[in-house]
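This is upload38.cif. It holds mmCIF, C-alpha atoms.
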data_target
loop_
_atom_site.label_atom_id
_atom_site.label_comp_id
_atom_site.auth_asym_id
_atom_site.auth_seq_id
_atom_site.Cartn_x
_atom_site.Cartn_y
_atom_site.Cartn_z
CA MET A 1 -21.36 83.27 -100.62
CA LYS A 2 -22.67 85.76 -98.04
CA ASN A 3 -25.46 88.23 -98.79
CA LEU A 4 -25.14 91.87 -97.85
CA GLY A 5 -28.16 94.14 -97.42
CA ILE A 6 -27.59 97.89 -97.64
CA LEU A 7 -29.85 100.48 -95.98
CA LEU A 8 -29.45 104.10 -97.07
CA SER A 9 -31.34 107.38 -97.21
CA GLY A 10 -29.19 109.48 -99.53
CA ARG A 11 -26.18 109.22 -101.79
CA GLY A 12 -24.72 106.25 -100.02
CA SER A 13 -21.06 106.90 -100.71
CA ASN A 14 -20.17 104.12 -98.30
CA PHE A 15 -22.50 101.83 -100.26
CA GLU A 16 -20.61 102.73 -103.45
CA ALA A 17 -17.29 101.92 -101.77
CA ILE A 18 -18.65 98.56 -100.58
CA ALA A 19 -19.98 97.78 -104.10
CA LYS A 20 -16.56 98.62 -105.57
CA ASN A 21 -14.77 96.38 -103.08
CA VAL A 22 -17.18 93.51 -103.71
CA ALA A 23 -16.67 93.91 -107.47
CA SER A 24 -12.88 94.01 -107.15
CA GLY A 25 -12.69 91.00 -104.84
CA HIS A 26 -11.56 93.01 -101.81
CA ILE A 27 -14.69 91.76 -100.06
CA PRO A 28 -14.48 88.15 -101.23
CA ASP A 29 -17.27 85.58 -101.14
CA ALA A 30 -19.97 88.23 -100.71
CA ARG A 31 -22.49 89.98 -102.88
CA ILE A 32 -24.93 92.83 -102.42
CA ALA A 33 -28.31 91.11 -102.35
CA ILE A 34 -30.47 94.21 -101.92
CA VAL A 35 -30.21 97.96 -101.47
CA ILE A 36 -33.10 99.56 -99.58
CA SER A 37 -33.87 103.25 -99.14
CA ASN A 38 -36.52 104.76 -96.88
CA LYS A 39 -36.52 107.87 -99.09
CA GLU A 40 -38.13 107.95 -102.53
CA ASN A 41 -35.46 110.00 -104.24
CA ALA A 42 -32.28 108.73 -102.62
CA PRO A 43 -29.53 108.96 -105.26
CA GLY A 44 -28.13 105.70 -103.88
CA ILE A 45 -31.10 103.83 -105.37
CA ALA A 46 -30.31 105.14 -108.85
CA THR A 47 -26.68 104.13 -108.33
CA ALA A 48 -27.73 100.64 -107.26
CA ARG A 49 -29.88 100.21 -110.37
CA ARG A 50 -27.09 101.50 -112.59
CA LEU A 51 -24.84 98.84 -111.04
CA GLY A 52 -27.46 96.19 -111.80
CA LEU A 53 -28.27 95.57 -108.14
CA THR A 54 -31.70 94.86 -106.66
CA ALA A 55 -32.94 98.16 -105.26
CA SER A 56 -36.08 98.84 -103.30
CA VAL A 57 -37.72 101.93 -101.84
CA ILE A 58 -39.67 101.28 -98.64
CA PRO A 59 -40.93 104.71 -97.59
CA SER A 60 -40.82 105.41 -93.88
CA GLN A 61 -42.78 108.62 -93.90
CA GLY A 62 -45.91 108.50 -91.75
CA LYS A 63 -45.24 104.95 -90.59
CA GLN A 64 -44.71 103.71 -87.04
CA ARG A 65 -41.05 102.81 -86.59
CA GLN A 66 -41.60 99.13 -85.93
CA ASP A 67 -44.12 98.73 -88.76
CA HIS A 68 -41.61 100.17 -91.19
CA ASP A 69 -38.83 98.04 -89.70
CA ARG A 70 -40.97 94.91 -90.26
CA GLU A 71 -41.24 95.74 -93.95
CA ILE A 72 -37.47 96.23 -94.12
CA ALA A 73 -36.84 92.98 -92.26
CA ASP A 74 -39.19 91.09 -94.60
CA ALA A 75 -37.30 92.40 -97.64
CA LEU A 76 -33.94 91.48 -96.07
CA HIS A 77 -35.15 87.98 -95.17
CA ASN A 78 -36.60 87.49 -98.67
CA HIS A 79 -33.16 88.19 -100.07
CA LYS A 80 -31.47 85.95 -97.49
CA VAL A 81 -29.37 88.80 -96.13
CA ASP A 82 -26.61 87.71 -93.72
CA LEU A 83 -25.25 91.14 -92.85
CA VAL A 84 -27.03 94.50 -92.83
CA CYS A 85 -24.83 97.51 -93.64
CA LEU A 86 -26.13 100.99 -92.81
CA ALA A 87 -24.76 103.53 -95.26
CA GLY A 88 -26.19 106.89 -94.34
CA TYR A 89 -29.50 105.44 -93.17
CA MET A 90 -31.05 108.45 -91.43
CA ARG A 91 -33.58 106.63 -89.29
CA LEU A 92 -33.24 104.97 -85.90
CA LEU A 93 -33.86 101.22 -85.93
CA SER A 94 -36.33 99.76 -83.44
CA PRO A 95 -35.12 97.42 -80.68
CA TRP A 96 -37.23 94.76 -82.39
CA PHE A 97 -35.20 95.11 -85.61
CA VAL A 98 -31.89 95.07 -83.73
CA GLN A 99 -32.93 91.82 -82.05
CA GLN A 100 -33.82 90.25 -85.41
CA PHE A 101 -30.31 90.92 -86.66
CA ARG A 102 -28.31 90.83 -83.45
CA ARG A 103 -24.59 91.34 -84.29
CA ARG A 104 -25.51 91.36 -87.95
CA ILE A 105 -25.99 95.12 -88.41
CA LEU A 106 -23.03 97.43 -89.03
CA ASN A 107 -22.86 101.19 -89.08
CA VAL A 108 -20.10 103.70 -89.79
CA HIS A 109 -19.80 106.93 -87.83
CA PRO A 110 -17.55 109.88 -88.75
CA SER A 111 -15.74 110.23 -85.41
CA LEU A 112 -13.65 108.17 -83.03
CA LEU A 113 -16.51 107.00 -80.83
CA PRO A 114 -17.33 107.45 -77.97
CA ALA A 115 -16.29 111.02 -78.85
CA PHE A 116 -18.87 113.02 -80.84
CA PRO A 117 -21.85 110.68 -81.23
CA GLY A 118 -24.96 111.90 -83.03
CA LEU A 119 -25.37 114.21 -85.99
CA GLU A 120 -22.63 116.31 -87.60
CA ALA A 121 -19.83 114.54 -85.80
CA GLN A 122 -17.16 116.11 -88.00
CA GLU A 123 -18.42 119.62 -87.19
CA GLN A 124 -18.58 118.73 -83.50
CA ALA A 125 -14.96 117.53 -83.59
CA PHE A 126 -13.78 120.58 -85.52
CA ALA A 127 -15.47 122.97 -83.10
CA TYR A 128 -14.05 121.10 -80.09
CA GLY A 129 -10.58 121.63 -81.50
CA VAL A 130 -9.36 118.03 -81.47
CA LYS A 131 -6.10 117.32 -83.30
CA VAL A 132 -7.08 113.73 -84.10
CA SER A 133 -10.48 112.56 -85.25
CA GLY A 134 -11.46 109.64 -87.46
CA CYS A 135 -14.19 107.11 -88.06
CA THR A 136 -15.69 104.08 -86.39
CA VAL A 137 -17.38 100.97 -87.79
CA HIS A 138 -19.42 99.30 -85.06
CA PHE A 139 -22.18 96.81 -84.46
CA VAL A 140 -25.57 98.45 -84.07
CA ASP A 141 -27.25 97.85 -80.74
CA GLU A 142 -30.27 99.45 -79.09
CA GLU A 143 -28.38 102.63 -78.19
CA LEU A 144 -27.30 105.34 -80.65
CA ASP A 145 -23.69 105.03 -81.92
CA HIS A 146 -22.96 102.57 -79.16
CA GLY A 147 -22.37 98.92 -80.17
CA ALA A 148 -19.05 97.06 -80.02
CA ILE A 149 -16.37 98.66 -82.20
CA ILE A 150 -14.94 96.62 -85.08
CA VAL A 151 -12.59 99.07 -86.81
CA GLN A 152 -11.48 102.64 -86.14
CA LYS A 153 -9.23 104.82 -88.28
CA ALA A 154 -7.53 107.96 -86.99
CA VAL A 155 -7.50 111.08 -89.13
CA PRO A 156 -5.32 114.06 -88.15
CA VAL A 157 -7.01 117.46 -88.02
CA LEU A 158 -4.75 119.93 -89.82
CA ASP A 159 -4.30 123.62 -89.03
CA SER A 160 -5.35 124.29 -92.63
CA ASP A 161 -8.56 122.23 -92.34
CA THR A 162 -12.12 123.48 -92.64
CA GLU A 163 -15.08 121.37 -91.52
CA GLN A 164 -15.43 120.35 -95.17
CA THR A 165 -11.85 119.26 -95.85
CA LEU A 166 -11.81 117.35 -92.56
CA ALA A 167 -15.09 115.61 -93.38
CA ALA A 168 -13.77 114.66 -96.84
CA ARG A 169 -10.61 113.05 -95.40
CA ILE A 170 -12.66 111.21 -92.78
CA LEU A 171 -14.98 109.93 -95.53
CA GLU A 172 -12.03 108.42 -97.42
CA GLN A 173 -11.14 106.47 -94.28
CA GLU A 174 -14.76 105.41 -93.77
CA HIS A 175 -14.66 103.73 -97.18
CA ILE A 176 -11.55 101.75 -96.20
CA ALA A 177 -12.69 100.96 -92.66
CA TYR A 178 -16.14 99.74 -93.64
CA SER A 179 -14.84 97.03 -95.98
CA GLU A 180 -12.25 95.92 -93.41
CA ALA A 181 -15.02 95.57 -90.83
CA ILE A 182 -17.27 93.64 -93.22
CA ASN A 183 -14.44 91.19 -93.89
CA ILE A 184 -13.80 90.69 -90.17
CA VAL A 185 -17.48 90.05 -89.46
CA LEU A 186 -18.10 87.81 -92.50
CA ALA A 187 -15.04 85.72 -91.62
CA GLY A 188 -16.55 85.25 -88.15
CA LYS A 189 -13.09 85.15 -86.61
CA PHE A 190 -13.68 87.49 -83.71
CA GLU A 191 -14.72 87.40 -80.09
CA VAL A 192 -16.44 90.12 -78.09
CA THR A 193 -15.60 90.24 -74.37
CA GLY A 194 -17.63 92.91 -72.62
CA ARG A 195 -17.51 95.60 -75.29
CA ARG A 196 -14.06 94.70 -76.61
CA LEU A 197 -13.86 92.92 -79.97
CA VAL A 198 -10.68 90.98 -80.71
CA THR A 199 -9.86 89.05 -83.86
CA LYS A 200 -9.44 85.35 -83.14
CA MET A 201 -6.03 83.90 -83.79
CA THR A 202 -6.05 81.14 -86.36
CA ALA A 203 -4.10 78.12 -85.20
CA GLU A 204 -2.88 77.29 -88.69
CA MET B 1 15.19 132.09 -71.58
CA LYS B 2 11.76 130.88 -70.38
CA ASN B 3 11.22 129.32 -66.97
CA LEU B 4 9.23 126.11 -66.58
CA GLY B 5 7.60 125.10 -63.30
CA ILE B 6 6.70 121.45 -62.85
CA LEU B 7 3.96 120.23 -60.49
CA LEU B 8 3.88 116.53 -59.68
CA SER B 9 2.65 114.10 -57.04
CA GLY B 10 4.51 110.90 -57.92
CA ARG B 11 7.20 109.63 -60.24
CA GLY B 12 6.69 112.33 -62.80
CA SER B 13 7.76 110.38 -65.88
CA ASN B 14 6.54 113.28 -68.02
CA PHE B 15 8.73 115.59 -65.93
CA GLU B 16 11.72 113.34 -66.67
CA ALA B 17 10.96 113.47 -70.39
CA ILE B 18 10.71 117.27 -70.27
CA ALA B 19 14.01 117.49 -68.35
CA LYS B 20 15.68 115.28 -70.95
CA ASN B 21 14.37 117.41 -73.82
CA VAL B 22 15.47 120.63 -72.14
CA ALA B 23 18.94 119.15 -71.57
CA SER B 24 19.25 117.93 -75.16
CA GLY B 25 18.06 121.20 -76.68
CA HIS B 26 14.79 119.79 -77.99
CA ILE B 27 13.04 122.36 -75.82
CA PRO B 28 15.33 125.29 -76.63
CA ASP B 29 15.62 128.54 -74.67
CA ALA B 30 13.92 127.10 -71.60
CA ARG B 31 14.97 125.74 -68.25
CA ILE B 32 13.21 124.02 -65.38
CA ALA B 33 13.15 126.69 -62.68
CA ILE B 34 11.40 124.65 -59.99
CA VAL B 35 9.82 121.25 -59.40
CA ILE B 36 7.07 121.18 -56.77
CA SER B 37 5.34 118.17 -55.24
CA ASN B 38 2.31 118.23 -52.97
CA LYS B 39 3.38 114.81 -51.59
CA GLU B 40 6.29 114.35 -49.19
CA ASN B 41 7.68 111.22 -50.75
CA ALA B 42 7.10 111.77 -54.44
CA PRO B 43 9.94 110.00 -56.30
CA GLY B 44 9.93 112.92 -58.79
CA ILE B 45 11.43 115.18 -56.10
CA ALA B 46 14.38 112.84 -55.64
CA THR B 47 14.83 112.75 -59.40
CA ALA B 48 14.78 116.53 -59.58
CA ARG B 49 17.43 116.83 -56.89
CA ARG B 50 19.57 114.21 -58.61
CA LEU B 51 19.35 116.32 -61.78
CA GLY B 52 20.48 119.38 -59.81
CA LEU B 53 17.10 121.14 -60.13
CA THR B 54 15.42 123.23 -57.47
CA ALA B 55 12.83 120.95 -55.85
CA SER B 56 10.28 121.85 -53.24
CA VAL B 57 7.66 119.91 -51.30
CA ILE B 58 4.56 121.93 -50.45
CA PRO B 59 2.28 119.46 -48.66
CA SER B 60 -1.40 119.75 -49.52
CA GLN B 61 -2.73 117.46 -46.85
CA GLY B 62 -5.21 119.10 -44.51
CA LYS B 63 -5.04 122.43 -46.34
CA GLN B 64 -7.86 124.32 -48.04
CA ARG B 65 -7.40 124.09 -51.79
CA GLN B 66 -6.92 127.79 -52.38
CA ASP B 67 -4.58 128.22 -49.41
CA HIS B 68 -2.36 125.47 -50.81
CA ASP B 69 -2.61 126.93 -54.30
CA ARG B 70 -1.44 130.32 -52.96
CA GLU B 71 1.69 128.68 -51.56
CA ILE B 72 2.32 127.01 -54.91
CA ALA B 73 1.72 130.25 -56.81
CA ASP B 74 4.12 132.10 -54.49
CA ALA B 75 6.85 129.54 -55.16
CA LEU B 76 6.24 129.73 -58.92
CA HIS B 77 6.32 133.52 -58.89
CA ASN B 78 9.49 133.55 -56.76
CA HIS B 79 11.15 131.46 -59.45
CA LYS B 80 9.74 133.64 -62.26
CA VAL B 81 7.92 130.71 -63.85
CA ASP B 82 6.48 131.45 -67.31
CA LEU B 83 4.79 128.12 -67.94
CA VAL B 84 3.40 125.60 -65.42
CA CYS B 85 3.54 121.95 -66.53
CA LEU B 86 1.44 119.41 -64.64
CA ALA B 87 3.14 116.03 -64.66
CA GLY B 88 0.95 113.64 -62.71
CA TYR B 89 -0.19 116.32 -60.27
CA MET B 90 -3.02 114.52 -58.50
CA ARG B 91 -4.85 117.52 -57.13
CA LEU B 92 -7.42 119.80 -58.73
CA LEU B 93 -6.32 123.40 -59.11
CA SER B 94 -8.59 126.14 -57.79
CA PRO B 95 -10.21 128.62 -60.21
CA TRP B 96 -8.11 131.28 -58.47
CA PHE B 97 -4.89 129.49 -59.46
CA VAL B 98 -6.08 128.96 -63.04
CA GLN B 99 -6.78 132.69 -63.31
CA GLN B 100 -3.29 133.54 -62.01
CA PHE B 101 -1.75 131.50 -64.81
CA ARG B 102 -4.38 131.80 -67.53
CA ARG B 103 -3.15 129.93 -70.66
CA ARG B 104 0.12 129.25 -68.88
CA ILE B 105 -0.76 125.85 -67.37
CA LEU B 106 -0.43 122.65 -69.40
CA ASN B 107 -1.57 119.13 -68.60
CA VAL B 108 -1.24 115.80 -70.37
CA HIS B 109 -4.05 113.24 -70.33
CA PRO B 110 -3.75 109.61 -71.44
CA SER B 111 -6.67 109.57 -73.91
CA LEU B 112 -7.91 111.41 -76.97
CA LEU B 113 -10.06 113.93 -75.14
CA PRO B 114 -13.01 114.50 -74.97
CA ALA B 115 -13.15 110.68 -74.82
CA PHE B 116 -12.35 109.18 -71.41
CA PRO B 117 -11.75 112.15 -69.13
CA GLY B 118 -10.97 111.56 -65.46
CA LEU B 119 -9.02 108.84 -63.74
CA GLU B 120 -7.73 105.63 -65.36
CA ALA B 121 -8.38 106.83 -68.89
CA GLN B 122 -6.37 103.97 -70.42
CA GLU B 123 -8.44 101.39 -68.56
CA GLN B 124 -11.66 103.18 -69.57
CA ALA B 125 -10.58 103.11 -73.23
CA PHE B 126 -9.55 99.46 -73.06
CA ALA B 127 -12.85 98.42 -71.49
CA TYR B 128 -14.82 100.44 -74.04
CA GLY B 129 -13.09 98.51 -76.79
CA VAL B 130 -11.79 101.42 -78.85
CA LYS B 131 -9.30 100.58 -81.61
CA VAL B 132 -7.59 103.95 -81.42
CA SER B 133 -6.71 105.81 -78.24
CA GLY B 134 -3.88 108.22 -77.52
CA CYS B 135 -2.97 111.23 -75.46
CA THR B 136 -3.80 114.92 -75.24
CA VAL B 137 -1.79 117.93 -74.09
CA HIS B 138 -4.13 120.81 -73.30
CA PHE B 139 -4.35 124.11 -71.49
CA VAL B 140 -5.80 123.78 -68.02
CA ASP B 141 -9.00 125.71 -67.45
CA GLU B 142 -11.54 125.64 -64.62
CA GLU B 143 -13.10 122.36 -65.82
CA LEU B 144 -11.49 118.92 -65.52
CA ASP B 145 -9.61 117.73 -68.66
CA HIS B 146 -11.27 120.45 -70.67
CA GLY B 147 -9.08 123.34 -71.87
CA ALA B 148 -8.07 124.02 -75.49
CA ILE B 149 -6.11 121.16 -77.04
CA ILE B 150 -2.53 121.83 -78.17
CA VAL B 151 -1.31 118.40 -79.31
CA GLN B 152 -2.89 114.96 -79.61
CA LYS B 153 -1.20 111.71 -80.62
CA ALA B 154 -3.13 108.64 -81.74
CA VAL B 155 -2.12 105.22 -80.42
CA PRO B 156 -3.62 102.06 -81.96
CA VAL B 157 -5.10 99.53 -79.55
CA LEU B 158 -3.81 96.10 -80.58
CA ASP B 159 -5.64 92.80 -80.24
CA SER B 160 -2.68 91.59 -78.20
CA ASP B 161 -2.84 94.57 -75.80
CA THR B 162 -3.54 94.48 -72.09
CA GLU B 163 -4.40 97.64 -70.14
CA GLN B 164 -0.74 97.74 -69.15
CA THR B 165 0.84 97.43 -72.60
CA LEU B 166 -1.62 100.00 -73.96
CA ALA B 167 -0.85 102.42 -71.11
CA ALA B 168 2.90 101.98 -71.72
CA ARG B 169 2.59 102.83 -75.44
CA ILE B 170 0.39 105.83 -74.66
CA LEU B 171 2.98 107.04 -72.11
CA GLU B 172 5.71 106.99 -74.79
CA GLN B 173 3.55 109.30 -76.90
CA GLU B 174 2.81 111.55 -73.90
CA HIS B 175 6.55 112.17 -73.56
CA ILE B 176 6.78 113.24 -77.21
CA ALA B 177 3.53 115.22 -77.25
CA TYR B 178 4.28 117.18 -74.08
CA SER B 179 7.52 118.64 -75.39
CA GLU B 180 5.92 119.49 -78.74
CA ALA B 181 3.16 121.34 -76.90
CA ILE B 182 5.64 123.21 -74.67
CA ASN B 183 7.51 124.39 -77.76
CA ILE B 184 4.30 125.58 -79.43
CA VAL B 185 3.25 127.52 -76.32
CA LEU B 186 6.69 128.98 -75.55
CA ALA B 187 7.04 130.15 -79.15
CA GLY B 188 3.70 131.94 -78.74
CA LYS B 189 2.86 131.31 -82.39
CA PHE B 190 -0.70 130.10 -81.98
CA GLU B 191 -4.22 131.45 -81.95
CA VAL B 192 -7.23 130.02 -80.16
CA THR B 193 -10.61 130.59 -81.84
CA GLY B 194 -13.44 129.25 -79.73
CA ARG B 195 -11.77 126.06 -78.48
CA ARG B 196 -9.68 125.47 -81.59
CA LEU B 197 -5.94 126.16 -81.38
CA VAL B 198 -4.13 126.73 -84.66
CA THR B 199 -0.44 127.42 -85.11
CA LYS B 200 0.16 130.84 -86.63
CA MET B 201 1.86 130.88 -90.00
CA THR B 202 5.14 132.73 -89.98
CA ALA B 203 5.42 135.17 -92.89
CA GLU B 204 9.16 134.65 -93.35
#
Translate the structure described by the file into structure tokens.
Amino acid sequence: MKNLGILLSGRGSNFEAIAKNVASGHIPDARIAIVISNKENAPGIATARRLGLTASVIPSQGKQRQDHDREIADALHNHKVDLVCLAGYMRLLSPWFVQQFRRRILNVHPSLLPAFPGLEAQEQAFAYGVKVSGCTVHFVDEELDHGAIIVQKAVPVLDSDTEQTLAARILEQEHIAYSEAINIVLAGKFEVTGRRLVTKMTAE
Amino acid sequence: MKNLGILLSGRGSNFEAIAKNVASGHIPDARIAIVISNKENAPGIATARRLGLTASVIPSQGKQRQDHDREIADALHNHKVDLVCLAGYMRLLSPWFVQQFRRRILNVHPSLLPAFPGLEAQEQAFAYGVKVSGCTVHFVDEELDHGAIIVQKAVPVLDSDTEQTLAARILEQEHIAYSEAINIVLAGKFEVTGRRLVTKMTAE
């Protein structure tokens, strides 16, 4: 049984999707060991408690990044977390934290990286006029929106789209992609060569 | 009947696909008025002649960019070309040329722009480890691989892919995407707002 740790700052819709897929057995042999928010009033914390999960607020405000990250890491270690899943965690992680959980931190980004990194990726893509956008689940490394890519899903941009309808369709794919990526990583059957992640063939 | 002008420097596999779609009626009410290469021995010129098309070599070597572009523009004007299609034309066009044919020059690029502009886009995408790549047909403006996007096609990157197999699958989609884009532009039923191109609804 592997332990997932969720970091969020808001609603955490990707956290909810992960919780649903754990509950339904689509993410087998895993459980959510702790949900941590850096914001007092993150709705995701209320959701976690409603689902009977351990939920913890570790406020970041006014703290040095690495000091706050040490508190987060302590909480994750105390709950024996194997894999850290960022779900709308609106704070950069320190290099120290990334090293503590090297290749054990995942993030989802609402574009086909390396296109449109940073904030408001869906709006960036819409304004650029792409006909295909999507989402990316990747390992977190020291650079923003940069680590090796585990899963990407393409989402067509329709003539009838607004930024909002596009973002909503991308979010649906994020929910699917994130659980696929968690399963790949928990199964451990992958290799990363350079930046390229490939699922290992099973000989059986 | 609209006149297409093709610029190429090599084999011109996208030119061949366009020629096939004109012949089969998939690009209706259009014909290839002239095929121009800037290279003496471009295989695309031999193909054009075999297909009974007007083909012309206008060598670029040793010429100032704009001087060469004026020769090309003269040839296109002499053949009453409505739409210029770049098909592996390995030379940057001058701003002067772009202005002569504003929104009447198309190019195809083997990635989902704005990701992986420039040379060897398929190799760049493969090395980056993306799980989705594709191709883009766009208007040519004064910046490299930059004009408004008309059509994009997503192509999944498979674990079993090499740079070569990926490039081959992207090329198949280029052939489809290019003719779709030509039809959209020739029909004239589109609007560009900012960078975003949207097909105009027909009231009928």
Proximity to Glu143 in chain B - best of B:Val98, B:Val130, B:Ile170, B:Leu186, only C-alpha atoms: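 Among the listed residues, B:Val98 lies closest to Glu143 in chain B.
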Identify all residues satisfying the PyMOL selection byres ((chain B) within 10 of (chain A)) in the given file; provide them as an mmCIF file with C-alpha atoms, in the coordinates of the input.
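Output file expr.cif is given in full below:
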data_model
loop_
_atom_site.group_PDB
_atom_site.id
_atom_site.type_symbol
_atom_site.label_atom_id
_atom_site.label_comp_id
_atom_site.auth_asym_id
_atom_site.auth_seq_id
_atom_site.Cartn_x
_atom_site.Cartn_y
_atom_site.Cartn_z
ATOM 1 C CA LEU B 112 -7.910 111.410 -76.970
ATOM 2 C CA LEU B 113 -10.060 113.930 -75.140
ATOM 3 C CA PRO B 114 -13.010 114.500 -74.970
ATOM 4 C CA ALA B 115 -13.150 110.680 -74.820
ATOM 5 C CA PHE B 116 -12.350 109.180 -71.410
ATOM 6 C CA ALA B 125 -10.580 103.110 -73.230
ATOM 7 C CA PHE B 126 -9.550 99.460 -73.060
ATOM 8 C CA ALA B 127 -12.850 98.420 -71.490
ATOM 9 C CA TYR B 128 -14.820 100.440 -74.040
ATOM 10 C CA GLY B 129 -13.090 98.510 -76.790
ATOM 11 C CA VAL B 130 -11.790 101.420 -78.850
ATOM 12 C CA LYS B 131 -9.300 100.580 -81.610
ATOM 13 C CA VAL B 132 -7.590 103.950 -81.420
ATOM 14 C CA SER B 133 -6.710 105.810 -78.240
ATOM 15 C CA GLY B 134 -3.880 108.220 -77.520
ATOM 16 C CA CYS B 135 -2.970 111.230 -75.460
ATOM 17 C CA THR B 136 -3.800 114.920 -75.240
ATOM 18 C CA HIS B 146 -11.270 120.450 -70.670
ATOM 19 C CA GLY B 147 -9.080 123.340 -71.870
ATOM 20 C CA ALA B 148 -8.070 124.020 -75.490
ATOM 21 C CA ILE B 149 -6.110 121.160 -77.040
ATOM 22 C CA ILE B 150 -2.530 121.830 -78.170
ATOM 23 C CA VAL B 151 -1.310 118.400 -79.310
ATOM 24 C CA GLN B 152 -2.890 114.960 -79.610
ATOM 25 C CA LYS B 153 -1.200 111.710 -80.620
ATOM 26 C CA ALA B 154 -3.130 108.640 -81.740
ATOM 27 C CA VAL B 155 -2.120 105.220 -80.420
ATOM 28 C CA PRO B 156 -3.620 102.060 -81.960
ATOM 29 C CA VAL B 157 -5.100 99.530 -79.550
ATOM 30 C CA LEU B 158 -3.810 96.100 -80.580
ATOM 31 C CA ASP B 159 -5.640 92.800 -80.240
ATOM 32 C CA SER B 160 -2.680 91.590 -78.200
ATOM 33 C CA ASP B 161 -2.840 94.570 -75.800
ATOM 34 C CA VAL B 192 -7.230 130.020 -80.160
ATOM 35 C CA THR B 193 -10.610 130.590 -81.840
ATOM 36 C CA GLY B 194 -13.440 129.250 -79.730
ATOM 37 C CA ARG B 195 -11.770 126.060 -78.480
ATOM 38 C CA ARG B 196 -9.680 125.470 -81.590
ATOM 39 C CA LEU B 197 -5.940 126.160 -81.380
ATOM 40 C CA VAL B 198 -4.130 126.730 -84.660
ATOM 41 C CA THR B 199 -0.440 127.420 -85.110
ATOM 42 C CA LYS B 200 0.160 130.840 -86.630
ATOM 43 C CA MET B 201 1.860 130.880 -90.000
#
Using the chain letters and numbers from this file, what does the PyMOL selection byres ((chain B and resi 8) around 7) select? Give the answer as a PDB file with C-alpha atoms, keeping the file's coordinate frame.
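To be explicit, this is the file written out as expr25.pdb:
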ATOM      1  CA  ILE B   6       6.700 121.450 -62.850  1.00  0.00           C
ATOM      2  CA  LEU B   7       3.960 120.230 -60.490  1.00  0.00           C
ATOM      3  CA  SER B   9       2.650 114.100 -57.040  1.00  0.00           C
ATOM      4  CA  GLY B  10       4.510 110.900 -57.920  1.00  0.00           C
ATOM      5  CA  GLY B  12       6.690 112.330 -62.800  1.00  0.00           C
ATOM      6  CA  ILE B  36       7.070 121.180 -56.770  1.00  0.00           C
ATOM      7  CA  SER B  37       5.340 118.170 -55.240  1.00  0.00           C
ATOM      8  CA  LEU B  86       1.440 119.410 -64.640  1.00  0.00           C
ATOM      9  CA  ALA B  87       3.140 116.030 -64.660  1.00  0.00           C
ATOM     10  CA  GLY B  88       0.950 113.640 -62.710  1.00  0.00           C
ATOM     11  CA  TYR B  89      -0.190 116.320 -60.270  1.00  0.00           C
TER      12      TYR B  89
END
Rounded to one decimal, what separation in Å do you get between CA of Asn107 in chain A and CA of His175 in chain A?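 These atoms are spaced 11.8 Å apart.
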Once the PyMOL selection byres ((chain A and resi 58) around 6) has been evaluated on this model, what residues remain selected, and can you format them as a PyMOL selection string? chain A and resi 38+57+59
What's the separation between CA of Ala55 in chain A and CA of Ala33 in chain A, in Å to one decimal place? 8.9 Å
Any idea what's packed within 10 Å of range 62-69 of chain B, counting all atoms listed in the file, ignoring anything in its chain fewer than 3 positions away? Could you give it as JSON, numbers by chain? {"B": [38, 58, 59, 72, 73, 74, 75, 91, 92, 93, 94, 95, 96, 97, 98]}
To box range 94-109 of chain A, take all atoms listed in the file, fit an axis-aligned box, add 6 Å on each side, and give centre and edge lengths in Å to one decimal, as lines of an AutoDock Vina configuration file.
center_x = -28.5
center_y = 98.6
center_z = -85.2
size_x = 29.4
size_y = 28.7
size_z = 21.1
For Leu51 in chain A: contacts at 10 Å, all atoms listed in the file, fewer than 3 positions along chain excluded, given as number ranges by chain: A: 16, 19-20, 45-48, 54-55
Please compute the CA of Ile18 in chain B-CA of Tyr178 in chain B distance, one decimal, in Å.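 Distance reported for this atom pair: 7.5 Å.
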Among listed residues A:Gly5, A:Pro28, A:Ser13, A:Arg103, nearest Pro43 in chain A (using all atoms listed in the file): A:Ser13
May I ask which of the residues B:Asn3, B:Asn14, B:Asn41, B:Ser111 is the closest one to Asp82 in chain B, counting all atoms listed in the file? B:Asn3
